[in-house]
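Q: Below is the file upload-v2.tsv, which contains TSV, C-alpha atoms and all ligand atoms.
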```tsv
chain	number	residue	atom	x	y	z
A	28	MET	CA	0.00	0.00	0.00
A	29	GLU	CA	1.42	3.41	-0.97
A	30	LEU	CA	1.69	6.27	1.49
A	31	SER	CA	-1.06	8.25	-0.30
A	32	ASP	CA	-3.43	5.26	0.05
A	33	VAL	CA	-2.73	5.13	3.78
A	34	LEU	CA	-3.43	8.87	4.08
A	35	ILE	CA	-6.65	8.57	2.11
A	36	ASP	CA	-7.76	5.64	4.27
A	37	GLU	CA	-7.02	7.65	7.41
A	38	LEU	CA	-8.84	10.69	6.11
A	39	MET	CA	-11.84	8.62	4.99
A	40	GLY	CA	-11.96	7.06	8.44
A	41	GLU	CA	-11.89	10.48	10.07
A	42	ILE	CA	-14.51	11.90	7.69
A	43	SER	CA	-16.88	9.00	8.15
A	44	GLY	CA	-16.44	9.34	11.92
A	45	ILE	CA	-17.26	13.05	11.74
A	46	LEU	CA	-20.20	12.46	9.40
A	47	SER	CA	-21.75	9.74	11.47
A	48	ALA	CA	-21.44	11.85	14.63
A	49	TYR	CA	-23.10	14.77	12.82
A	50	GLU	CA	-25.75	12.52	11.28
A	51	LYS	CA	-26.51	11.09	14.72
A	52	LYS	CA	-26.90	14.59	16.14
A	53	LYS	CA	-29.07	15.56	13.19
A	54	GLY	CA	-31.36	12.59	13.87
A	55	VAL	CA	-31.73	13.63	17.51
A	56	VAL	CA	-32.33	17.25	16.45
A	57	ILE	CA	-35.09	16.35	13.97
A	58	THR	CA	-36.89	14.10	16.47
A	59	THR	CA	-36.67	16.80	19.14
A	60	LEU	CA	-37.87	19.50	16.74
A	61	HIS	CA	-40.96	17.42	16.04
A	62	LYS	CA	-41.61	17.03	19.78
A	63	ILE	CA	-41.16	20.77	20.43
A	64	GLN	CA	-43.52	21.65	17.59
A	65	GLU	CA	-46.07	19.10	18.78
A	66	GLU	CA	-46.11	20.74	22.21
A	67	GLU	CA	-45.74	24.39	21.29
A	68	GLY	CA	-47.30	24.46	17.85
A	69	TYR	CA	-44.10	26.03	16.50
A	70	LEU	CA	-40.38	26.21	17.28
A	71	PRO	CA	-39.68	29.02	19.78
A	72	GLU	CA	-36.14	30.38	19.59
A	73	ALA	CA	-35.50	29.72	23.30
A	74	ALA	CA	-36.28	26.02	22.79
A	75	LEU	CA	-33.97	25.89	19.77
A	76	ALA	CA	-31.18	27.58	21.73
A	77	GLY	CA	-31.62	25.00	24.51
A	78	LEU	CA	-31.50	22.17	22.00
A	79	ALA	CA	-28.36	23.61	20.37
A	80	LYS	CA	-26.63	23.70	23.74
A	81	THR	CA	-27.68	20.16	24.62
A	82	VAL	CA	-26.50	18.56	21.38
A	83	GLY	CA	-23.40	20.75	21.00
A	84	LEU	CA	-24.38	22.46	17.76
A	85	SER	CA	-24.68	26.17	17.07
A	86	LEU	CA	-28.10	27.83	16.92
A	87	ALA	CA	-27.40	28.56	13.23
A	88	GLU	CA	-26.86	24.83	12.60
A	89	ILE	CA	-30.16	24.01	14.32
A	90	TYR	CA	-31.95	26.62	12.18
A	91	SER	CA	-30.28	25.25	9.08
A	92	VAL	CA	-31.57	21.72	9.84
A	93	ALA	CA	-35.06	22.95	10.79
A	94	SER	CA	-35.51	25.28	7.83
A	95	PHE	CA	-34.74	22.46	5.42
A	96	TYR	CA	-38.07	20.87	6.33
A	97	LYS	CA	-41.22	22.66	5.30
A	98	GLN	CA	-43.26	21.30	8.18
A	99	PHE	CA	-41.39	23.29	10.82
A	100	HIS	CA	-42.67	26.74	11.76
A	101	PHE	CA	-40.77	29.47	13.53
A	102	LYS	CA	-43.71	31.68	14.47
A	103	PRO	CA	-46.79	30.88	16.55
A	104	ARG	CA	-49.58	29.31	14.50
A	105	GLY	CA	-53.31	29.51	14.78
A	106	LYS	CA	-55.53	26.79	16.26
A	107	LYS	CA	-57.28	26.60	12.90
A	108	ILE	CA	-54.97	26.30	9.93
A	109	VAL	CA	-57.08	27.51	7.02
A	110	ARG	CA	-55.66	26.81	3.60
A	111	VAL	CA	-57.36	28.21	0.54
A	112	CYS	CA	-56.53	26.32	-2.62
A	113	THR	CA	-55.47	28.70	-5.37
A	114	GLY	CA	-54.80	26.04	-7.98
A	115	THR	CA	-56.19	26.61	-11.46
A	116	ALA	CA	-59.65	25.05	-10.96
A	117	CYS	CA	-60.17	26.86	-7.63
A	118	HIS	CA	-58.77	30.11	-9.03
A	119	VAL	CA	-61.24	29.97	-11.92
A	120	ARG	CA	-64.10	29.33	-9.49
A	121	GLY	CA	-63.35	32.27	-7.25
A	122	ALA	CA	-60.66	31.26	-4.74
A	123	SER	CA	-59.49	34.87	-4.58
A	124	LYS	CA	-62.91	35.90	-3.24
A	125	VAL	CA	-62.49	33.39	-0.41
A	126	VAL	CA	-59.01	34.73	0.38
A	127	ASP	CA	-60.28	38.34	0.24
A	128	ALA	CA	-63.19	37.55	2.57
A	129	LEU	CA	-60.98	35.85	5.17
A	130	GLU	CA	-58.23	38.47	4.93
A	131	GLY	CA	-60.77	41.27	5.21
A	132	ASN	CA	-62.64	39.75	8.13
A	133	PHE	CA	-59.62	38.81	10.21
A	134	HIS	CA	-57.38	41.72	9.17
A	135	ILE	CA	-54.46	39.56	8.16
A	136	LYS	CA	-52.83	38.60	4.89
A	137	ALA	CA	-52.40	35.05	3.61
A	138	GLY	CA	-49.37	33.58	5.36
A	139	GLU	CA	-50.18	35.35	8.64
A	140	THR	CA	-51.75	34.36	11.95
A	141	THR	CA	-54.34	36.35	13.88
A	142	GLU	CA	-53.00	37.96	17.03
A	143	ASP	CA	-55.34	35.85	19.15
A	144	ARG	CA	-53.99	32.78	17.34
A	145	LYS	CA	-57.40	31.54	16.38
A	146	MET	CA	-56.37	31.13	12.77
A	147	THR	CA	-53.45	30.94	10.39
A	148	LEU	CA	-54.44	31.70	6.81
A	149	GLU	CA	-52.47	30.18	3.96
A	150	THR	CA	-52.86	29.67	0.25
A	151	VAL	CA	-51.83	26.38	-1.33
A	152	GLY	CA	-51.55	24.80	-4.74
A	153	CYS	CA	-54.01	22.15	-5.93
A	154	VAL	CA	-55.05	19.84	-3.09
A	155	GLY	CA	-56.40	17.24	-5.48
A	156	CYS	CA	-60.16	17.81	-5.19
A	157	CYS	CA	-60.63	20.02	-8.25
A	158	GLY	CA	-64.16	18.68	-8.79
A	159	LEU	CA	-65.14	20.43	-5.53
A	160	ALA	CA	-63.57	23.79	-6.41
A	161	PRO	CA	-63.22	26.22	-4.81
A	162	VAL	CA	-61.73	24.26	-1.94
A	163	VAL	CA	-60.61	25.22	1.56
A	164	THR	CA	-59.02	22.94	4.13
A	165	VAL	CA	-59.36	23.60	7.84
A	166	ASN	CA	-56.82	21.60	9.85
A	167	ASP	CA	-56.66	19.21	6.87
A	168	GLU	CA	-60.43	18.74	6.67
A	169	VAL	CA	-61.62	19.55	3.17
A	170	THR	CA	-64.60	21.78	2.42
A	171	GLY	CA	-65.58	22.12	-1.20
A	172	ALA	CA	-67.80	24.41	-3.24
A	173	ILE	CA	-67.12	27.20	-0.81
A	174	GLY	CA	-69.34	30.17	-1.59
A	175	PRO	CA	-70.63	33.15	0.47
A	176	LYS	CA	-72.74	30.95	2.78
A	177	LYS	CA	-69.91	28.57	3.62
A	178	ILE	CA	-67.46	31.45	4.03
A	179	LYS	CA	-69.82	32.99	6.57
A	180	ALA	CA	-70.08	29.67	8.42
A	181	LEU	CA	-66.29	29.30	8.39
A	182	ILE	CA	-65.82	32.79	9.83
A	183	LYS	CA	-68.33	31.95	12.56
A	184	GLU	CA	-66.50	28.70	13.29
A	185	ILE	CA	-63.16	30.51	13.63
A	186	ASP	CA	-64.70	33.24	15.78
A	187	ALA	CA	-65.96	30.54	18.15
A	188	VAL	CA	-62.43	29.20	18.74
A	189	GLU	CA	-60.95	30.12	22.09
A	190	GLY	CA	-58.09	32.43	21.29
A	191	VAL	CA	-54.83	33.10	23.08
A	192	ALA	CA	-54.92	36.19	25.28
A	193	THR	CA	-52.50	38.90	24.21
A	194	ASP	CA	-53.84	41.74	26.35
A	195	GLY	CA	-54.74	40.21	29.67
A	196	SER	CA	-58.24	39.28	28.49
A	197	ASN	CA	-59.40	35.69	28.03
A	198	GLY	CA	-58.79	35.94	24.28
A	199	LYS	CA	-62.31	34.81	23.46
A	200	GLY	CA	-63.91	36.05	20.29
A	201	ASP	CA	-64.73	39.75	20.38
A	202	GLY	CA	-64.39	40.45	16.71
A	203	GLY	CA	-61.10	42.26	17.32
A	204	HIS	CA	-58.63	40.41	15.16
A	205	GLY	CA	-55.18	41.41	14.17
A	206	LYS	CA	-52.09	39.87	12.69
A	207	ALA	CA	-49.33	38.24	14.69
B	1	LIG	S1	-57.17	23.43	-8.06
B	1	LIG	FE1	-58.04	23.47	-6.08
B	1	LIG	S2	-58.32	21.37	-5.65
B	1	LIG	FE2	-57.35	21.35	-7.58
```
Please express the file's structure as structure tokens.

A:
Amino acid sequence: MELSDVLIDELMGEISGILSAYEKKKGVVITTLHKIQEEEGYLPEAALAGLAKTVGLSLAEIYSVASFYKQFHFKPRGKKIVRVCTGTACHVRGASKVVDALEGNFHIKAGETTEDRKMTLETVGCVGCCGLAPVVTVNDEVTGAIGPKKIKALIKEIDAVEGVATDGSNGKGDGGHGKA
């Protein structure tokens, strides 16, 4: 065996050692991120800083792992996750009216969460029920053919959710919504 082969073998051994240690940490990080999000509904920075310290990674490394996965959220989310499909079929059948109605009523834009955390409003691409267009999902439950009547019912349903107090009140529906 030549000297260069020995060096390469040594280096490969070192690299695989480093990689497996990192991969192990990454596995622990991802599992913990899921648990934090399950409990908190999102990933608070303090929890991420604690995790970084525990596993011996920097906060930036934790963020880099977490932001790779779309399912992790870094801001508080609403109890109702309302997703309005804006795929072609839903767009043609008036999805923008649904978005406008929800944005207007709750004083937030798509992608935002109401201050009382009753709802997060999002727009999504085709959810695969084009025959029911326009379609909205609420916490993954699909509602199709959503017109003025169903929008009204949806607003009522969200209003009835117990919100998170941000001003010392009980956070229950008072019509005063705002973005978080
Ligand atoms: S475009 Fe909305 S469900 Fe397909």

Q: Under the rule that only C-alpha atoms and all ligand atoms are counted, which of A:Pro71, A:Gly40, A:Gly131, A:Pro161 is the nearest residue to ligand LIG 1 (chain B)?

A: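 With only C-alpha atoms and all ligand atoms as the atom set, the closest residue is A:Pro161.
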
Q: Could you check which of A:Leu78, A:Ala137, A:Leu84, A:Ala122 is closest to ligand LIG 1 (chain B), using all atoms listed in the file?

A: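 Closest to ligand LIG 1 (chain B) of all the choices is A:Ala122.
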
Q: Enter the distance from CA of Lys52 in chain A to CA of Leu34 in chain A, in Å, rounded to one decimal.

A: 27.0 Å

Q: Counting all atoms listed in the file, figure out which residue out of A:Lys62, A:Lys102, A:His118, A:Lys124 gets nearest to ligand LIG 1 (chain B).

A: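 Once distances to ligand LIG 1 (chain B) are computed over all atoms listed in the file, the minimum belongs to A:His118.
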
Q: With only C-alpha atoms as the counted atoms, please give the residues lying no more than 8 Å from range 177-185 of chain A, apart from itself and same-chain residues fewer than 3 positions off, as an MDAnalysis selection string.

A: chainID A and resid 107 125 128:129 132 145:146 173:174 188

Q: Can you tell me which residues sit at most 12 Å away from ligand LIG 1 (chain B), counting all atoms listed in the file, written as a count of residues only?

A: 34

Q: Between CA of Gly190 in chain A and CA of Asp143 in chain A, what is the distance in Å, rounded to a tenth?

A: 4.9 Å

Q: Using only the atoms of range 49-61 of chain A listed in the file, plus 8 Å on each side, state the axis-aligned box centre and edge lengths in Å rounded to one decimal, as JSON.

A:
```
{"center_x": -32.0, "center_y": 15.3, "center_z": 15.2, "size_x": 33.9, "size_y": 24.4, "size_z": 23.9}
```

Q: Can you work out which one of A:His100, A:Glu88, A:Glu65, A:Glu130 has the shortest atom-to-atom distance to Lys53 in chain A, counting all atoms listed in the file?

A: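 Among A:His100, A:Glu88, A:Glu65, A:Glu130, it is A:Glu88 that comes nearest to Lys53 in chain A.
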
Q: Mind pulling up the distance from CA of Glu72 in chain A to CA of Ser85 in chain A?

A: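 Computed distance, CA of Ser85 in chain A to CA of Glu72 in chain A, equals 12.5 Å.
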
Q: Write out as a ChimeraX atom specification each polymer residue whose atoms come within 12 Å of Lys97 in chain A, counting all atoms listed in the file; drop sequence neighbours fewer than 5 positions from it.

A: /A:61,91-92

Q: Quick one: range 131-154 of chain A with N, CA and C atoms, as a short mmCIF file (atom, residue, chain, number, x, y, z; two decimals), in the coordinates of the input?

A:
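Result file out_9.cif:
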```cif
data_model
loop_
_atom_site.label_atom_id
_atom_site.label_comp_id
_atom_site.auth_asym_id
_atom_site.auth_seq_id
_atom_site.Cartn_x
_atom_site.Cartn_y
_atom_site.Cartn_z
N GLY A 131 -60.04 40.06 4.81
CA GLY A 131 -60.77 41.27 5.21
C GLY A 131 -61.39 41.12 6.58
N ASN A 132 -61.96 39.95 6.85
CA ASN A 132 -62.64 39.75 8.13
C ASN A 132 -61.67 39.68 9.30
N PHE A 133 -60.54 39.02 9.08
CA PHE A 133 -59.62 38.81 10.21
C PHE A 133 -58.44 39.79 10.22
N HIS A 134 -58.42 40.69 9.25
CA HIS A 134 -57.38 41.72 9.17
C HIS A 134 -55.97 41.15 9.15
N ILE A 135 -55.81 40.11 8.38
CA ILE A 135 -54.46 39.56 8.16
C ILE A 135 -54.31 39.29 6.68
N LYS A 136 -53.08 38.99 6.28
CA LYS A 136 -52.83 38.60 4.89
C LYS A 136 -52.55 37.09 4.89
N ALA A 137 -52.74 36.47 3.73
CA ALA A 137 -52.40 35.05 3.61
C ALA A 137 -50.95 34.85 4.04
N GLY A 138 -50.72 33.83 4.83
CA GLY A 138 -49.37 33.58 5.36
C GLY A 138 -49.23 34.07 6.80
N GLU A 139 -50.27 34.79 7.28
CA GLU A 139 -50.18 35.35 8.64
C GLU A 139 -51.14 34.63 9.60
N THR A 140 -50.94 34.94 10.89
CA THR A 140 -51.75 34.36 11.95
C THR A 140 -52.43 35.49 12.71
N THR A 141 -53.67 35.30 13.09
CA THR A 141 -54.34 36.35 13.88
C THR A 141 -53.63 36.49 15.23
N GLU A 142 -53.69 37.69 15.76
CA GLU A 142 -53.00 37.96 17.03
C GLU A 142 -53.48 37.03 18.15
N ASP A 143 -54.78 36.72 18.11
CA ASP A 143 -55.34 35.85 19.15
C ASP A 143 -55.09 34.37 18.85
N ARG A 144 -54.39 34.13 17.77
CA ARG A 144 -53.99 32.78 17.34
C ARG A 144 -55.17 31.82 17.12
N LYS A 145 -56.28 32.41 16.72
CA LYS A 145 -57.40 31.54 16.38
C LYS A 145 -57.16 30.89 15.02
N MET A 146 -56.51 31.63 14.12
CA MET A 146 -56.37 31.13 12.77
C MET A 146 -55.07 31.55 12.10
N THR A 147 -54.53 30.62 11.33
CA THR A 147 -53.45 30.94 10.39
C THR A 147 -54.06 30.76 9.00
N LEU A 148 -53.88 31.77 8.17
CA LEU A 148 -54.44 31.70 6.81
C LEU A 148 -53.31 31.46 5.81
N GLU A 149 -53.49 30.47 4.97
CA GLU A 149 -52.47 30.18 3.96
C GLU A 149 -53.14 29.92 2.61
N THR A 150 -52.38 30.10 1.57
CA THR A 150 -52.86 29.67 0.25
C THR A 150 -51.98 28.50 -0.19
N VAL A 151 -52.58 27.56 -0.89
CA VAL A 151 -51.83 26.38 -1.33
C VAL A 151 -52.15 26.07 -2.78
N GLY A 152 -51.29 25.28 -3.38
CA GLY A 152 -51.55 24.80 -4.74
C GLY A 152 -52.60 23.70 -4.68
N CYS A 153 -52.95 23.16 -5.82
CA CYS A 153 -54.01 22.15 -5.93
C CYS A 153 -53.92 21.08 -4.84
N VAL A 154 -55.03 20.87 -4.14
CA VAL A 154 -55.05 19.84 -3.09
C VAL A 154 -55.69 18.54 -3.58
#
```
